[in-house]
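*Asks:* Quick one: the structure is below, and I'll ask about it shortly.
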Amino acid sequence: AQSVTQLDSQVPVFEEAPVELRCNYSSSVSVYLFWYVQYPNQGLQLLLKYLSGSTLVKGINGFEAEFNKSQTSFHLRKPSVHISDTAEYFCAVSEARNAGNMLTFGGGTRLMVKP
Amino acid sequence: EAQVTQNPRYLITVTGKKLTVTCSQNMNHEYMSWYRQDPGLGLRQIYYSMNVEVTDKGDVPEGYKVSRKEKRNFPLILESPSPNQTSLYFCASSLYGGGTQFFGPGTRLTVL
């Protein structure tokens, strides 16, 4: 079974500051990793995903994440946040060997960007 | 416009009264899934379907049923809803498992 832990439930940050949202996972097999964003009263949108290849993945809206297999982490970063980045962010994992298998989400991190 | 639609968007019902939440996608996706979102727990997968007539349990299937008779539709059925099924429900689809999932707008269900 796989699991995902998002270490911070809330991250307050000032506008134009850098931010890192942390995600750790556990799985006994190779995984696919995802970050989704949920704006207030909306569904989820994919920010970025890691399936294979380069461990540094770039996504939409200036976000990037780095897959670290030895630390089983997939932290999300942005060098300079905007007010519009205020949202809830979810890290998710699925087993690569069984594409179509369960997608397991972390508990979410609420990013609050202050002016 | 490519999208996933859910109906109804909001529903208040009483314990034991059977209900169905519909989900439809117009992208010819093979993979569809249902999630529930609860504060502090993130999204938990209820059921997923890899293709027509192929469904499987996710993390929290108890109290739910699904069917996949057509590729585009994946209804979620609560035969006898209980208050602990009060939640925000999302349907999602992707071209294949492991692919980018497109989410519907959500259905907020309250069971009294």
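In the structure tokens, chains take the letters A, B, ... in the order shown, each chain's residues start at 1, and ligands count up from 1 in the order shown.
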So which residues touch Gln45 in chain B within 6 Å, counting only C-alpha atoms, skipping near sequence neighbours fewer than 6 positions away, as a list in words?
*Replies:*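 My reading of the contact set: Trp34, Tyr35, Gly58 and Asp59 of chain B.
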*Asks:* Val81 in chain A: which residues within 9 Å, counting only C-alpha atoms, same-chain residues fewer than 5 positions away excluded, as a list in words?
*Replies:*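 The neighbour list is Val13, Phe14, Glu15, Glu16, Ala17, Pro18, Val19, Gly62, Thr86 and Val113 of chain A.
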*Asks:* Using only C-alpha atoms, determine which residues of chain A fall within 12 Å of chain B; present them as a ChimeraX atom specification.
*Replies:* /A:1-10,31-52,88-110
*Asks:* Run DSSP on the backbone and give me the residues of chain A it puts in strand (DSSP E), as an MDAnalysis selection string.
*Replies:* chainID A and resid 3:5 10:14 19:21 24:26 31:38 44:50 56:58 64:68 73:78 87:95 104:105 109:114
*Asks:* Taking only C-alpha atoms into account, name the residue in A:Val11, A:Ala65, A:Cys23, A:Leu56 that is nearest to Lys114 in chain A.
*Replies:*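 The closest residue to Lys114 in chain A is A:Val11.
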*Asks:* Which residue out of A:Val57, A:Leu21, A:Thr72, A:Ser30 has the minimum interatomic distance to Met112 in chain A when only C-alpha atoms are used?
*Replies:* A:Leu21
*Asks:* Which parts of chain A does DSSP call helix (DSSP H, G or I) when run on the backbone here, written out as number ranges by chain?
*Replies:* A: 60-62, 83-85, 96-98
*Asks:* For Ser67 in chain B, work out the shell of residues within 8 Å, counting only C-alpha atoms and skipping chain neighbours fewer than 5 positions away, then give it as a VMD selection string.
*Replies:* chain B and resid 53 55 74 to 76
*Asks:* What separation in Å, quoted to one decimal, exists between CA of Tyr64 in chain B and CA of Glu79 in chain B?
*Replies:*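 CA of Glu79 in chain B lies at a distance of 7.1 Å from CA of Tyr64 in chain B.
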